[in-house]
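Shown here: entry_3.pdb, PDB, C-alpha atoms (C1' of nucleotides).
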```
ATOM      1  CA  MET A   1       2.341 -16.346 -27.802
ATOM      2  CA  SER A   2      -0.667 -15.458 -25.749
ATOM      3  CA  TYR A   3      -0.792 -12.774 -23.120
ATOM      4  CA  PHE A   4      -0.955 -15.268 -20.262
ATOM      5  CA  ASP A   5       1.640 -17.977 -19.727
ATOM      6  CA  GLU A   6       1.398 -20.143 -16.654
ATOM      7  CA  LYS A   7       4.929 -21.502 -17.043
ATOM      8  CA  ARG A   8       6.329 -17.999 -17.154
ATOM      9  CA  ASN A   9       4.200 -16.936 -14.200
ATOM     10  CA  GLN A  10       5.602 -19.725 -12.077
ATOM     11  CA  GLU A  11       9.167 -18.962 -13.132
ATOM     12  CA  ILE A  12       8.703 -15.309 -12.174
ATOM     13  CA  LEU A  13       7.266 -16.337  -8.817
ATOM     14  CA  ALA A  14      10.144 -18.762  -8.282
ATOM     15  CA  ARG A  15      12.716 -16.059  -8.909
ATOM     16  CA  LEU A  16      10.940 -13.621  -6.643
ATOM     17  CA  ARG A  17      10.957 -16.315  -3.981
ATOM     18  CA  LYS A  18      14.679 -16.857  -4.463
ATOM     19  CA  ASN A  19      15.572 -13.162  -4.350
ATOM     20  CA  TYR A  20      13.235 -12.133  -1.558
ATOM     21  CA  PRO A  21      12.903 -15.345   0.479
ATOM     22  CA  ASP A  22      11.512 -13.782   3.617
ATOM     23  CA  ALA A  23       9.938 -10.582   2.393
ATOM     24  CA  LYS A  24       7.653  -9.252   5.059
ATOM     25  CA  ILE A  25       5.558  -6.279   5.999
ATOM     26  CA  LYS A  26       7.533  -3.117   6.704
ATOM     27  CA  LEU A  27       4.931  -1.595   8.991
ATOM     28  CA  LYS A  28       5.839  -1.903  12.665
ATOM     29  CA  PHE A  29       3.106  -3.142  15.020
ATOM     30  CA  LYS A  30       2.562  -5.269  18.088
ATOM     31  CA  THR A  31      -1.189  -5.909  17.975
ATOM     32  CA  PRO A  32      -3.897  -6.208  15.315
ATOM     33  CA  PHE A  33      -5.193  -2.830  16.430
ATOM     34  CA  GLU A  34      -1.812  -1.187  15.934
ATOM     35  CA  LEU A  35      -1.536  -2.711  12.502
ATOM     36  CA  LEU A  36      -5.002  -1.475  11.603
ATOM     37  CA  VAL A  37      -4.114   2.092  12.572
ATOM     38  CA  ALA A  38      -0.739   1.880  10.836
ATOM     39  CA  THR A  39      -2.324   0.599   7.655
ATOM     40  CA  ILE A  40      -4.911   3.369   7.598
ATOM     41  CA  LEU A  41      -2.036   5.824   7.938
ATOM     42  CA  SER A  42      -0.093   4.109   5.162
ATOM     43  CA  ALA A  43      -2.559   5.163   2.480
ATOM     44  CA  GLN A  44      -0.598   7.202  -0.064
ATOM     45  CA  CYS A  45       2.354   7.256   2.268
ATOM     46  CA  THR A  46       5.529   5.216   2.572
ATOM     47  CA  ASP A  47       5.758   2.571   5.298
ATOM     48  CA  ASP A  48       8.968   4.151   6.573
ATOM     49  CA  ARG A  49       7.174   7.412   7.215
ATOM     50  CA  VAL A  50       4.308   5.635   8.972
ATOM     51  CA  ASN A  51       6.789   3.867  11.252
ATOM     52  CA  ILE A  52       8.283   7.175  12.316
ATOM     53  CA  VAL A  53       4.849   8.475  13.243
ATOM     54  CA  THR A  54       3.565   5.333  14.946
ATOM     55  CA  GLU A  55       6.623   5.005  17.143
ATOM     56  CA  LYS A  56       5.324   7.921  19.202
ATOM     57  CA  LEU A  57       1.658   7.444  18.370
ATOM     58  CA  PHE A  58       1.413   3.962  19.865
ATOM     59  CA  LYS A  59       2.933   5.141  23.113
ATOM     60  CA  LYS A  60       0.242   7.772  23.472
ATOM     61  CA  TYR A  61      -2.732   5.790  22.151
ATOM     62  CA  LYS A  62      -3.064   2.201  23.328
ATOM     63  CA  LYS A  63      -6.737   1.380  22.900
ATOM     64  CA  PRO A  64      -9.500   2.558  20.548
ATOM     65  CA  GLU A  65     -10.915   4.557  23.451
ATOM     66  CA  ASP A  66      -7.732   6.595  23.626
ATOM     67  CA  TYR A  67      -8.252   7.960  20.123
ATOM     68  CA  LEU A  68     -11.848   8.843  20.931
ATOM     69  CA  LYS A  69     -10.813  10.932  23.916
ATOM     70  CA  VAL A  70      -8.840  13.527  21.981
ATOM     71  CA  LYS A  71     -10.061  16.231  19.639
ATOM     72  CA  ASN A  72      -9.618  15.751  15.916
ATOM     73  CA  GLU A  73      -7.124  18.611  15.860
ATOM     74  CA  GLU A  74      -4.893  16.859  18.346
ATOM     75  CA  LEU A  75      -4.946  13.575  16.455
ATOM     76  CA  GLU A  76      -4.297  15.456  13.206
ATOM     77  CA  LYS A  77      -1.129  16.877  14.723
ATOM     78  CA  ASP A  78      -0.009  13.456  15.885
ATOM     79  CA  ILE A  79      -0.309  11.959  12.411
ATOM     80  CA  TYR A  80       0.417  15.092  10.389
ATOM     81  CA  SER A  81       3.458  13.968   8.426
ATOM     82  CA  THR A  82       1.705  10.981   6.860
ATOM     83  CA  GLY A  83      -0.302  13.367   4.695
ATOM     84  CA  PHE A  84      -4.086  13.452   4.231
ATOM     85  CA  TYR A  85      -4.130  13.961   7.965
ATOM     86  CA  LYS A  86      -7.661  15.363   8.224
ATOM     87  CA  GLN A  87      -9.130  12.425   6.366
ATOM     88  CA  LYS A  88      -7.041   9.930   8.270
ATOM     89  CA  ALA A  89      -7.868  11.442  11.660
ATOM     90  CA  LYS A  90     -11.550  11.186  10.812
ATOM     91  CA  SER A  91     -11.127   7.632   9.576
ATOM     92  CA  ILE A  92      -9.239   6.524  12.668
ATOM     93  CA  LYS A  93     -11.799   8.035  14.999
ATOM     94  CA  ALA A  94     -14.743   6.620  13.086
ATOM     95  CA  CYS A  95     -12.978   3.290  13.001
ATOM     96  CA  CYS A  96     -12.327   3.312  16.743
ATOM     97  CA  GLN A  97     -15.927   4.291  17.391
ATOM     98  CA  VAL A  98     -17.144   1.224  15.512
ATOM     99  CA  LEU A  99     -14.529  -0.997  17.135
ATOM    100  CA  VAL A 100     -15.770   0.011  20.571
ATOM    101  CA  GLU A 101     -19.481  -0.064  19.757
ATOM    102  CA  LYS A 102     -19.694  -3.176  17.637
ATOM    103  CA  TYR A 103     -16.650  -5.265  18.351
ATOM    104  CA  GLY A 104     -15.895  -4.673  22.013
ATOM    105  CA  GLY A 105     -12.670  -2.890  21.139
ATOM    106  CA  LYS A 106     -11.340  -5.913  19.227
ATOM    107  CA  VAL A 107     -10.282  -5.882  15.610
ATOM    108  CA  PRO A 108     -12.318  -8.308  13.478
ATOM    109  CA  SER A 109     -10.286 -11.020  11.759
ATOM    110  CA  ASN A 110     -12.137 -11.275   8.488
ATOM    111  CA  ILE A 111     -12.165  -9.024   5.458
ATOM    112  CA  GLU A 112     -15.935  -8.689   5.248
ATOM    113  CA  GLU A 113     -16.269  -7.229   8.742
ATOM    114  CA  LEU A 114     -13.159  -5.107   8.397
ATOM    115  CA  THR A 115     -14.261  -3.421   5.199
ATOM    116  CA  LYS A 116     -17.469  -2.287   6.890
ATOM    117  CA  ILE A 117     -15.336  -0.112   9.123
ATOM    118  CA  PRO A 118     -14.966   3.512   8.004
ATOM    119  CA  GLY A 119     -11.616   4.229   6.395
ATOM    120  CA  VAL A 120     -10.914   0.544   5.877
ATOM    121  CA  GLY A 121     -10.918  -0.587   2.263
ATOM    122  CA  ARG A 122     -10.097  -4.005   0.930
ATOM    123  CA  LYS A 123      -6.349  -3.401   0.795
ATOM    124  CA  THR A 124      -6.201  -2.332   4.425
ATOM    125  CA  ALA A 125      -8.429  -5.222   5.480
ATOM    126  CA  SER A 126      -6.240  -7.725   3.651
ATOM    127  CA  VAL A 127      -3.094  -6.378   5.270
ATOM    128  CA  VAL A 128      -4.602  -6.751   8.742
ATOM    129  CA  VAL A 129      -6.064 -10.197   8.175
ATOM    130  CA  GLY A 130      -2.881 -11.504   6.581
ATOM    131  CA  ASN A 131      -0.253  -9.951   8.790
ATOM    132  CA  ALA A 132      -1.929  -9.623  12.175
ATOM    133  CA  TYR A 133      -3.913 -12.866  12.098
ATOM    134  CA  GLY A 134      -1.871 -14.929   9.667
ATOM    135  CA  ILE A 135      -4.899 -15.758   7.567
ATOM    136  CA  PRO A 136      -4.016 -16.108   3.860
ATOM    137  CA  ALA A 137      -4.828 -12.904   1.974
ATOM    138  CA  ILE A 138      -3.467 -10.834  -0.884
ATOM    139  CA  ALA A 139      -3.309  -7.087  -0.414
ATOM    140  CA  VAL A 140      -3.434  -5.408  -3.800
ATOM    141  CA  ASP A 141      -1.565  -2.183  -3.263
ATOM    142  CA  THR A 142      -0.133   0.032  -5.971
ATOM    143  CA  HIS A 143       2.899  -2.243  -6.452
ATOM    144  CA  VAL A 144       0.970  -5.478  -6.674
ATOM    145  CA  LYS A 145      -1.434  -3.842  -9.101
ATOM    146  CA  ARG A 146       1.329  -2.480 -11.333
ATOM    147  CA  LEU A 147       3.610  -5.506 -11.328
ATOM    148  CA  SER A 148       0.791  -7.995 -11.787
ATOM    149  CA  ASN A 149       0.061  -6.272 -15.067
ATOM    150  CA  ILE A 150       3.723  -5.869 -16.005
ATOM    151  CA  PHE A 151       4.278  -9.609 -15.455
ATOM    152  CA  HIS A 152       1.049 -10.399 -17.338
ATOM    153  CA  PHE A 153      -0.270 -12.238 -14.288
ATOM    154  CA  VAL A 154      -3.437 -10.287 -15.050
ATOM    155  CA  LYS A 155      -4.734  -7.842 -17.604
ATOM    156  CA  GLU A 156      -6.860  -5.849 -15.256
ATOM    157  CA  LYS A 157      -6.992  -2.537 -13.401
ATOM    158  CA  ASN A 158      -9.633  -3.361 -10.801
ATOM    159  CA  PRO A 159      -7.867  -4.360  -7.547
ATOM    160  CA  ASP A 160     -10.617  -6.777  -6.487
ATOM    161  CA  LYS A 161     -10.404  -8.653  -9.774
ATOM    162  CA  ILE A 162      -6.607  -8.634  -9.644
ATOM    163  CA  GLU A 163      -6.803 -10.215  -6.208
ATOM    164  CA  GLU A 164      -9.176 -12.870  -7.511
ATOM    165  CA  GLN A 165      -6.871 -13.711 -10.420
ATOM    166  CA  LEU A 166      -3.721 -13.795  -8.319
ATOM    167  CA  LYS A 167      -5.305 -16.255  -5.938
ATOM    168  CA  LYS A 168      -5.486 -18.734  -8.804
ATOM    169  CA  ILE A 169      -1.837 -18.312  -9.746
ATOM    170  CA  ILE A 170      -0.296 -18.263  -6.279
ATOM    171  CA  PRO A 171      -0.604 -21.160  -3.809
ATOM    172  CA  GLU A 172      -2.618 -20.149  -0.761
ATOM    173  CA  ASP A 173       0.198 -20.675   1.710
ATOM    174  CA  GLU A 174       2.257 -18.101  -0.201
ATOM    175  CA  TRP A 175      -0.352 -15.370  -0.635
ATOM    176  CA  ILE A 176       0.969 -13.172   2.131
ATOM    177  CA  VAL A 177       4.668 -13.501   1.465
ATOM    178  CA  THR A 178       4.213 -13.154  -2.280
ATOM    179  CA  SER A 179       2.374  -9.863  -1.808
ATOM    180  CA  HIS A 180       5.435  -8.614   0.030
ATOM    181  CA  ARG A 181       7.847 -10.012  -2.538
ATOM    182  CA  ILE A 182       6.050  -8.218  -5.346
ATOM    183  CA  ALA A 183       5.828  -4.997  -3.351
ATOM    184  CA  THR A 184       9.516  -5.236  -2.491
ATOM    185  CA  HIS A 185      10.445  -5.683  -6.129
ATOM    186  CA  GLY A 186       8.239  -2.738  -7.055
ATOM    187  CA  ARG A 187       9.972  -0.570  -4.500
ATOM    188  CA  LEU A 188      13.530  -1.583  -5.298
ATOM    189  CA  VAL A 189      13.693  -2.483  -8.986
ATOM    190  CA  CYS A 190      10.482  -2.243 -10.964
ATOM    191  CA  LEU A 191       9.821   1.414 -10.189
ATOM    192  CA  ALA A 192       6.614   3.017 -11.370
ATOM    193  CA  LYS A 193       7.962   5.576 -13.810
ATOM    194  CA  ASN A 194      11.417   4.253 -14.495
ATOM    195  CA  PRO A 195      11.730   0.503 -14.048
ATOM    196  CA  LYS A 196      15.348  -0.622 -13.746
ATOM    197  CA  CYS A 197      15.143  -3.412 -16.302
ATOM    198  CA  GLU A 198      18.940  -3.377 -16.801
ATOM    199  CA  ILE A 199      19.522  -4.678 -13.304
ATOM    200  CA  CYS A 200      16.369  -6.794 -13.002
ATOM    201  CA  PHE A 201      16.743 -10.540 -12.459
ATOM    202  CA  LEU A 202      13.594 -11.033 -14.481
ATOM    203  CA  ASN A 203      14.650  -9.111 -17.571
ATOM    204  CA  ASP A 204      15.033 -12.258 -19.690
ATOM    205  CA  ILE A 205      11.500 -13.497 -19.072
ATOM    206  CA  CYS A 206       9.460 -10.431 -18.117
ATOM    207  CA  PRO A 207       6.960  -9.773 -20.926
ATOM    208  CA  SER A 208       7.348  -6.037 -20.338
ATOM    209  CA  ALA A 209      11.125  -5.831 -19.979
ATOM    210  CA  PHE A 210      12.714  -2.776 -21.583
ATOM    211  CA  LYS A 211       9.377  -1.594 -22.910
ATOM    212  CA  VAL A 212       9.605   1.783 -21.247
ATOM    213  CA  LYS A 213      12.407   3.428 -23.139
ATOM    214  CA  LYS A 214      14.111   6.526 -21.967
ATOM    215  CA  GLU A 215      13.154   9.301 -24.334
ATOM    216  CA  LYS A 216      15.411  11.875 -22.807
ATOM    217  CA  ILE A 217      19.050  10.945 -22.947
ATOM    218  CA  LYS A 218      20.829  14.167 -22.236
TER     219      LYS A 218
ATOM    220  C1'  DC B   1     -13.467  10.828 -11.587
ATOM    221  C1'  DT B   2     -12.178  14.131  -7.854
ATOM    222  C1'  DC B   3     -10.723  15.228  -3.415
ATOM    223  C1'  DC B   4      -7.705  14.597   0.408
ATOM    224  C1'  DC B   5      -1.872  16.322   1.430
ATOM    225  C1'  DG B   6       3.363  15.847   3.216
ATOM    226  C1'  DA B   7       8.153  13.928   2.546
ATOM    227  C1'  DT B   8      11.991  12.821  -0.132
ATOM    228  C1'  DA B   9      14.879  12.382  -4.218
ATOM    229  C1'  DT B  10      16.711  14.770  -8.018
TER     230       DT B  10
ATOM    231  C1'  DA C   1      11.455  23.780  -8.575
ATOM    232  C1'  DT C   2       9.545  19.746  -9.715
ATOM    233  C1'  DA C   3       8.726  14.800 -10.051
ATOM    234  C1'  DT C   4       7.687  10.792  -7.501
ATOM    235  C1'  DC C   5       5.671   8.134  -3.878
ATOM    236  C1'  DA C   6       1.259   5.883  -2.283
ATOM    237  C1'  DG C   7      -5.696   4.225  -0.812
ATOM    238  C1'  DG C   8     -10.253   5.314   0.406
ATOM    239  C1'  DA C   9     -14.534   7.874   0.209
ATOM    240  C1'  DG C  10     -18.094  10.509  -2.051
TER     241       DG C  10
END
```

Give the structure from this file in structure tokens form.
Amino acid sequence: MSYFDEKRNQEILARLRKNYPDAKIKLKFKTPFELLVATILSAQCTDDRVNIVTEKLFKKYKKPEDYLKVKNEELEKDIYSTGFYKQKAKSIKACCQVLVEKYGGKVPSNIEELTKIPGVGRKTASVVVGNAYGIPAIAVDTHVKRLSNIFHFVKEKNPDKIEEQLKKIIPEDEWIVTSHRIATHGRLVCLAKNPKCEICFLNDICPSAFKVKKEKIK
DNA sequence: CTCCCGATAT
DNA sequence: ATATCAGGAG
């Protein structure tokens, strides 16, 4: 049996589809710009935490210009609990600066332009393009990266290459929703350090099922 | 490969 | 107390 198995891949995708039919982004937003800010904040932070912060944040800051008006220290306070707040405050301000100067305050709708923006990597760009503009994209976050390897969809650590591979396995019209299905499964069942294979609906076909054994049974 | 950093679950 | 969570830049 080889590492890759297209039949198995499709069966895994089918079961994910069945169990998480309408998986969607957890980040709350009303405009592409809000989603861009929320996604920058979501780096190394749970979506739930970001939502708590953005609920107030988006009332205070409506346009890119609004972020540019305040001092870094003030913005840092407003986003504090998402962690990495100094970095993120800098990123958001640099991002808004570019948005105003180069894009007339509008958020670009393609990954190439988005990734030129400070603080915006490929994952963030994919999230915005896919979820704010509805353009097919796959955001390779930590869950998609981990589970893609666990499922043997890929044998690869580089997120860009994982994205490339996944696009061959998943039909284009399901790129966005599948990203969310995989992420959902990673959050609920296939946890990073202690995957719950016992309760997993994929445990009969997952090539990595029960491979992480519990060494400490007290 | 290192730095940036808080919140929550156990 | 400590483990776990979760991207981008230099």

- Message: To test your reading of the syntax: which residues would the PyMOL selection byres ((chain C) within 12 of (chain A)) return for the file shown? Reply as a PyMOL selection string.
- Response: chain C and resi 3-9

- Task: Compile the contact shell of Ala14 (chain A) as number ranges by chain: residues with an atom at most 12 Å away, counting only C-alpha atoms (C1' of nucleotides), same-chain residues fewer than 4 positions apart removed.
- Result: A: 7-10, 18-21, 170-171, 174, 178, 181-182, 201-202

Write the residues of the preceding selection, restricted to C-alpha atoms, as a JSON list (two decimals), in the coordinates of the input.
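Resulting contents of out-v1.json:
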```
[["chain", "number", "residue", "atom", "x", "y", "z"],
["A", 7, "LYS", "CA", 4.93, -21.50, -17.04],
["A", 8, "ARG", "CA", 6.33, -18.00, -17.15],
["A", 9, "ASN", "CA", 4.20, -16.94, -14.20],
["A", 10, "GLN", "CA", 5.60, -19.73, -12.08],
["A", 18, "LYS", "CA", 14.68, -16.86, -4.46],
["A", 19, "ASN", "CA", 15.57, -13.16, -4.35],
["A", 20, "TYR", "CA", 13.24, -12.13, -1.56],
["A", 21, "PRO", "CA", 12.90, -15.34, 0.48],
["A", 170, "ILE", "CA", -0.30, -18.26, -6.28],
["A", 171, "PRO", "CA", -0.60, -21.16, -3.81],
["A", 174, "GLU", "CA", 2.26, -18.10, -0.20],
["A", 178, "THR", "CA", 4.21, -13.15, -2.28],
["A", 181, "ARG", "CA", 7.85, -10.01, -2.54],
["A", 182, "ILE", "CA", 6.05, -8.22, -5.35],
["A", 201, "PHE", "CA", 16.74, -10.54, -12.46],
["A", 202, "LEU", "CA", 13.59, -11.03, -14.48]]
```

Expand the PyMOL selection byres ((chain A) within 9 of (chain B)) into the individual residues it matches in the shown file, reporting them as an mmCIF file with C-alpha atoms, in the coordinates of the input.
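Just written: result_20.cif:
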```
data_model
loop_
_atom_site.group_PDB
_atom_site.id
_atom_site.type_symbol
_atom_site.label_atom_id
_atom_site.label_comp_id
_atom_site.auth_asym_id
_atom_site.auth_seq_id
_atom_site.Cartn_x
_atom_site.Cartn_y
_atom_site.Cartn_z
ATOM 1 C CA CYS A 45 2.354 7.256 2.268
ATOM 2 C CA ARG A 49 7.174 7.412 7.215
ATOM 3 C CA TYR A 80 0.417 15.092 10.389
ATOM 4 C CA SER A 81 3.458 13.968 8.426
ATOM 5 C CA THR A 82 1.705 10.981 6.860
ATOM 6 C CA GLY A 83 -0.302 13.367 4.695
ATOM 7 C CA PHE A 84 -4.086 13.452 4.231
ATOM 8 C CA TYR A 85 -4.130 13.961 7.965
ATOM 9 C CA LYS A 86 -7.661 15.363 8.224
ATOM 10 C CA GLN A 87 -9.130 12.425 6.366
#
```

- Message: Can you tell me which residues surround region 60-67 of chain A at a distance of at most 9 Å, considering only C-alpha atoms (C1' of nucleotides), apart from same-chain residues fewer than 4 positions away, and format the answer as a PyMOL selection string?
- Response: chain A and resi 33-34+56+71-72+75+92-93+95-97+99-100+105-106

What would the file look like if the residues just selected were written as a PDB file, keeping the file's coordinate frame with C-alpha atoms?
```
ATOM      1  CA  PHE A  33      -5.193  -2.830  16.430  1.00  0.00           C
ATOM      2  CA  GLU A  34      -1.812  -1.187  15.934  1.00  0.00           C
ATOM      3  CA  LYS A  56       5.324   7.921  19.202  1.00  0.00           C
ATOM      4  CA  LYS A  71     -10.061  16.231  19.639  1.00  0.00           C
ATOM      5  CA  ASN A  72      -9.618  15.751  15.916  1.00  0.00           C
ATOM      6  CA  LEU A  75      -4.946  13.575  16.455  1.00  0.00           C
ATOM      7  CA  ILE A  92      -9.239   6.524  12.668  1.00  0.00           C
ATOM      8  CA  LYS A  93     -11.799   8.035  14.999  1.00  0.00           C
ATOM      9  CA  CYS A  95     -12.978   3.290  13.001  1.00  0.00           C
ATOM     10  CA  CYS A  96     -12.327   3.312  16.743  1.00  0.00           C
ATOM     11  CA  GLN A  97     -15.927   4.291  17.391  1.00  0.00           C
ATOM     12  CA  LEU A  99     -14.529  -0.997  17.135  1.00  0.00           C
ATOM     13  CA  VAL A 100     -15.770   0.011  20.571  1.00  0.00           C
ATOM     14  CA  GLY A 105     -12.670  -2.890  21.139  1.00  0.00           C
ATOM     15  CA  LYS A 106     -11.340  -5.913  19.227  1.00  0.00           C
TER      16      LYS A 106
END
```

Please determine the residues with any atom at most 9 Å from (11.5, -3.8, -16.9) (coordinates as given in the file, with all atoms listed in the file counting) and report them as an mmCIF file with C-alpha atoms, in the frame of the given file.
```cif
data_model
loop_
_atom_site.group_PDB
_atom_site.id
_atom_site.type_symbol
_atom_site.label_atom_id
_atom_site.label_comp_id
_atom_site.auth_asym_id
_atom_site.auth_seq_id
_atom_site.Cartn_x
_atom_site.Cartn_y
_atom_site.Cartn_z
ATOM 1 C CA ILE A 150 3.723 -5.869 -16.005
ATOM 2 C CA VAL A 189 13.693 -2.483 -8.986
ATOM 3 C CA CYS A 190 10.482 -2.243 -10.964
ATOM 4 C CA LEU A 191 9.821 1.414 -10.189
ATOM 5 C CA ASN A 194 11.417 4.253 -14.495
ATOM 6 C CA PRO A 195 11.730 0.503 -14.048
ATOM 7 C CA LYS A 196 15.348 -0.622 -13.746
ATOM 8 C CA CYS A 197 15.143 -3.412 -16.302
ATOM 9 C CA GLU A 198 18.940 -3.377 -16.801
ATOM 10 C CA ILE A 199 19.522 -4.678 -13.304
ATOM 11 C CA CYS A 200 16.369 -6.794 -13.002
ATOM 12 C CA LEU A 202 13.594 -11.033 -14.481
ATOM 13 C CA ASN A 203 14.650 -9.111 -17.571
ATOM 14 C CA CYS A 206 9.460 -10.431 -18.117
ATOM 15 C CA PRO A 207 6.960 -9.773 -20.926
ATOM 16 C CA SER A 208 7.348 -6.037 -20.338
ATOM 17 C CA ALA A 209 11.125 -5.831 -19.979
ATOM 18 C CA PHE A 210 12.714 -2.776 -21.583
ATOM 19 C CA LYS A 211 9.377 -1.594 -22.910
ATOM 20 C CA VAL A 212 9.605 1.783 -21.247
#
```

- Atomic separation - CA of Val154 (chain A) relative to CA of Ser2 (chain A), Å: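 Pair CA of Ser2 (chain A) / CA of Val154 (chain A) returns 12.2 Å.
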
- Message: I'd like to know which of A:Met1, A:Ile12, A:Glu73, A:Ser109 is closest to Phe153 (chain A), using all atoms listed in the file.
- Response: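 Of A:Met1, A:Ile12, A:Glu73, A:Ser109, the one nearest Phe153 (chain A), counting all atoms listed in the file, is A:Ile12.
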